[in-house]
$ cat run33.pdb   # PDB, C-alpha atoms
ATOM      1  CA  MET A   1      61.181  -1.563  50.575
ATOM      2  CA  SER A   2      62.350  -0.847  47.033
ATOM      3  CA  LEU A   3      65.832   0.350  46.202
ATOM      4  CA  PHE A   4      64.361   2.917  43.833
ATOM      5  CA  PRO A   5      61.688   5.455  44.682
ATOM      6  CA  ASP A   6      58.378   5.060  42.896
ATOM      7  CA  ASP A   7      58.729   8.524  41.345
ATOM      8  CA  ASP A   8      61.642   7.355  39.168
ATOM      9  CA  ARG A   9      59.663   4.607  37.502
ATOM     10  CA  PRO A  10      58.444   5.327  33.976
ATOM     11  CA  LYS A  11      54.754   6.123  33.818
ATOM     12  CA  LEU A  12      52.632   3.726  31.809
ATOM     13  CA  LYS A  13      50.765   5.499  29.061
ATOM     14  CA  SER A  14      47.055   4.839  29.232
ATOM     15  CA  VAL A  15      45.229   3.636  26.165
ATOM     16  CA  HIS A  16      42.606   6.310  26.552
ATOM     17  CA  GLU A  17      42.105   9.421  28.604
ATOM     18  CA  ILE A  18      38.528  10.523  29.228
ATOM     19  CA  GLY A  19      37.759  13.805  27.475
ATOM     20  CA  GLN A  20      40.750  13.474  25.175
ATOM     21  CA  ASP A  21      40.571  15.018  21.677
ATOM     22  CA  LEU A  22      39.729  12.156  19.304
ATOM     23  CA  SER A  23      39.768  14.069  16.027
ATOM     24  CA  MET A  24      43.251  12.896  15.000
ATOM     25  CA  LEU A  25      42.603   9.178  15.564
ATOM     26  CA  SER A  26      42.177   6.714  12.738
ATOM     27  CA  LEU A  27      39.212   4.344  12.612
ATOM     28  CA  ASN A  28      41.485   1.485  13.706
ATOM     29  CA  GLU A  29      42.745   3.487  16.679
ATOM     30  CA  ILE A  30      39.165   4.284  17.678
ATOM     31  CA  ASP A  31      38.224   0.603  17.376
ATOM     32  CA  ASP A  32      41.233  -0.355  19.537
ATOM     33  CA  ARG A  33      40.198   2.134  22.203
ATOM     34  CA  ILE A  34      36.603   0.893  22.150
ATOM     35  CA  ALA A  35      37.851  -2.682  22.625
ATOM     36  CA  ALA A  36      40.130  -1.647  25.495
ATOM     37  CA  LEU A  37      37.358   0.298  27.218
ATOM     38  CA  ARG A  38      34.898  -2.585  26.838
ATOM     39  CA  ALA A  39      37.450  -4.953  28.362
ATOM     40  CA  GLU A  40      37.960  -2.551  31.256
ATOM     41  CA  ILE A  41      34.203  -2.253  31.790
ATOM     42  CA  GLU A  42      33.933  -6.058  31.935
ATOM     43  CA  ARG A  43      36.778  -6.158  34.454
ATOM     44  CA  LEU A  44      35.036  -3.545  36.593
ATOM     45  CA  ILE A  45      31.742  -5.451  36.446
ATOM     46  CA  GLU A  46      33.474  -8.664  37.570
ATOM     47  CA  VAL A  47      35.279  -6.953  40.456
ATOM     48  CA  ARG A  48      32.056  -5.236  41.530
ATOM     49  CA  ALA A  49      30.179  -8.550  41.515
ATOM     50  CA  ARG A  50      32.863 -10.178  43.691
ATOM     51  CA  LYS A  51      32.807  -7.272  46.144
ATOM     52  CA  ASP A  52      29.008  -7.336  46.254
ATOM     53  CA  ALA A  53      29.018 -11.076  46.997
ATOM     54  CA  SER A  54      31.599 -10.568  49.727
ATOM     55  CA  ARG A  55      29.589  -7.755  51.262
ATOM     56  CA  SER A  56      26.378  -9.801  51.139
ATOM     57  CA  ALA A  57      28.140 -12.689  52.877
ATOM     58  CA  ALA A  58      29.456 -10.355  55.570
ATOM     59  CA  ASP A  59      26.036  -8.773  56.038
ATOM     60  CA  ALA A  60      24.442 -12.195  56.403
ATOM     61  CA  PHE A  61      27.091 -13.311  58.909
ATOM     62  CA  PHE A  62      26.893 -10.189  61.078
ATOM     63  CA  ARG A  63      23.128  -9.646  60.814
ATOM     64  CA  LYS A  64      21.462  -9.475  64.212
ATOM     65  CA  PRO A  65      18.886 -12.194  64.817
ATOM     66  CA  ALA A  66      15.343 -10.846  64.854
TER      67      ALA A  66
END
$ encode --input "run33.pdb" --output "structure tokens"
Amino acid sequence: MSLFPDDDRPKLKSVHEIGQDLSMLSLNEIDDRIAALRAEIERLIEVRARKDASRSAADAFFRKPA
């Protein structure tokens, strides 16, 4: 258990918020956000693939013999 409650911790600012107004961003800021979002998409794809493989292995292990 932590000495400090989670509510007192500073919130990390996200790189991008979906639906956010983008009109005030520079081209470099837009490029940075695109790069960050692409990296996050790749991370999600990798995690999904690992979970899918784990699920397939579990399905194969627990499948009833025909």
$ atom_distance --input "run33.pdb" --atom1 "CA of Lys64 (chain A)" --atom2 "CA of Lys51 (chain A)"
21.4 Å
$ closest_residue --input "run33.pdb" --among "A:Val15, A:Ala60, A:Leu22, A:Val47" --to "Ala35 (chain A)" --atoms "only C-alpha atoms"
A:Val15
$ axis_aligned_box --input "run33.pdb" --around "region 5-24 of chain A" --padding-each-side "3 Å" --output "JSON"
{"center_x": 49.7, "center_y": 9.3, "center_z": 29.8, "size_x": 29.9, "size_y": 17.4, "size_z": 35.7}
$ residues_around --input "run33.pdb" --residues "region 16-18 of chain A" --least-positions-apart "3" --cutoff "10 Å" --atoms "all atoms listed in the file" --output "list in words"
Lys13, Asp21, Leu22, Ile30, Asp32, Arg33, Ile34, Ala36 and Leu37 of chain A
$ atom_distance --input "run33.pdb" --atom1 "CA of Asp31 (chain A)" --atom2 "CA of Glu46 (chain A)"
22.7 Å
$ atom_distance --input "run33.pdb" --atom1 "CA of Ser26 (chain A)" --atom2 "CA of Lys11 (chain A)"
24.6 Å
$ decode --input "run33.pdb" --residues "region 35-47 of chain A" --atoms "N, CA, C and O atoms" --output "compact mmCIF listing (two decimals), in the first residue's frame"
# COMPACT_ATOMS: atom_id res chain seq x y z
N ALA A 35 3.32 10.55 -35.25
CA ALA A 35 4.32 9.55 -34.88
C ALA A 35 3.94 8.85 -33.58
O ALA A 35 4.05 7.62 -33.47
N ALA A 36 3.46 9.61 -32.61
CA ALA A 36 3.07 9.02 -31.33
C ALA A 36 1.87 8.09 -31.50
O ALA A 36 1.83 7.01 -30.91
N LEU A 37 0.91 8.49 -32.30
CA LEU A 37 -0.27 7.66 -32.52
C LEU A 37 0.09 6.39 -33.30
O LEU A 37 -0.44 5.31 -33.00
N ARG A 38 0.98 6.50 -34.27
CA ARG A 38 1.42 5.31 -35.00
C ARG A 38 2.13 4.33 -34.08
O ARG A 38 1.92 3.12 -34.17
N ALA A 39 2.97 4.86 -33.19
CA ALA A 39 3.67 4.01 -32.23
C ALA A 39 2.66 3.32 -31.31
O ALA A 39 2.81 2.14 -30.99
N GLU A 40 1.65 4.04 -30.89
CA GLU A 40 0.63 3.45 -30.02
C GLU A 40 -0.17 2.39 -30.76
O GLU A 40 -0.49 1.34 -30.19
N ILE A 41 -0.48 2.63 -32.02
CA ILE A 41 -1.19 1.62 -32.82
C ILE A 41 -0.35 0.36 -32.94
O ILE A 41 -0.86 -0.76 -32.78
N GLU A 42 0.95 0.49 -33.18
CA GLU A 42 1.83 -0.67 -33.26
C GLU A 42 1.85 -1.43 -31.94
O GLU A 42 1.83 -2.65 -31.91
N ARG A 43 1.89 -0.70 -30.83
CA ARG A 43 1.87 -1.33 -29.52
C ARG A 43 0.58 -2.10 -29.30
O ARG A 43 0.59 -3.23 -28.81
N LEU A 44 -0.53 -1.52 -29.70
CA LEU A 44 -1.83 -2.19 -29.58
C LEU A 44 -1.89 -3.45 -30.44
O LEU A 44 -2.41 -4.49 -30.00
N ILE A 45 -1.36 -3.37 -31.65
CA ILE A 45 -1.35 -4.53 -32.54
C ILE A 45 -0.53 -5.66 -31.94
O ILE A 45 -0.94 -6.83 -31.96
N GLU A 46 0.63 -5.33 -31.35
CA GLU A 46 1.48 -6.35 -30.74
C GLU A 46 0.79 -7.00 -29.53
O GLU A 46 0.83 -8.23 -29.37
N VAL A 47 0.17 -6.19 -28.69
CA VAL A 47 -0.52 -6.73 -27.51
C VAL A 47 -1.68 -7.61 -27.95
O VAL A 47 -1.92 -8.68 -27.40
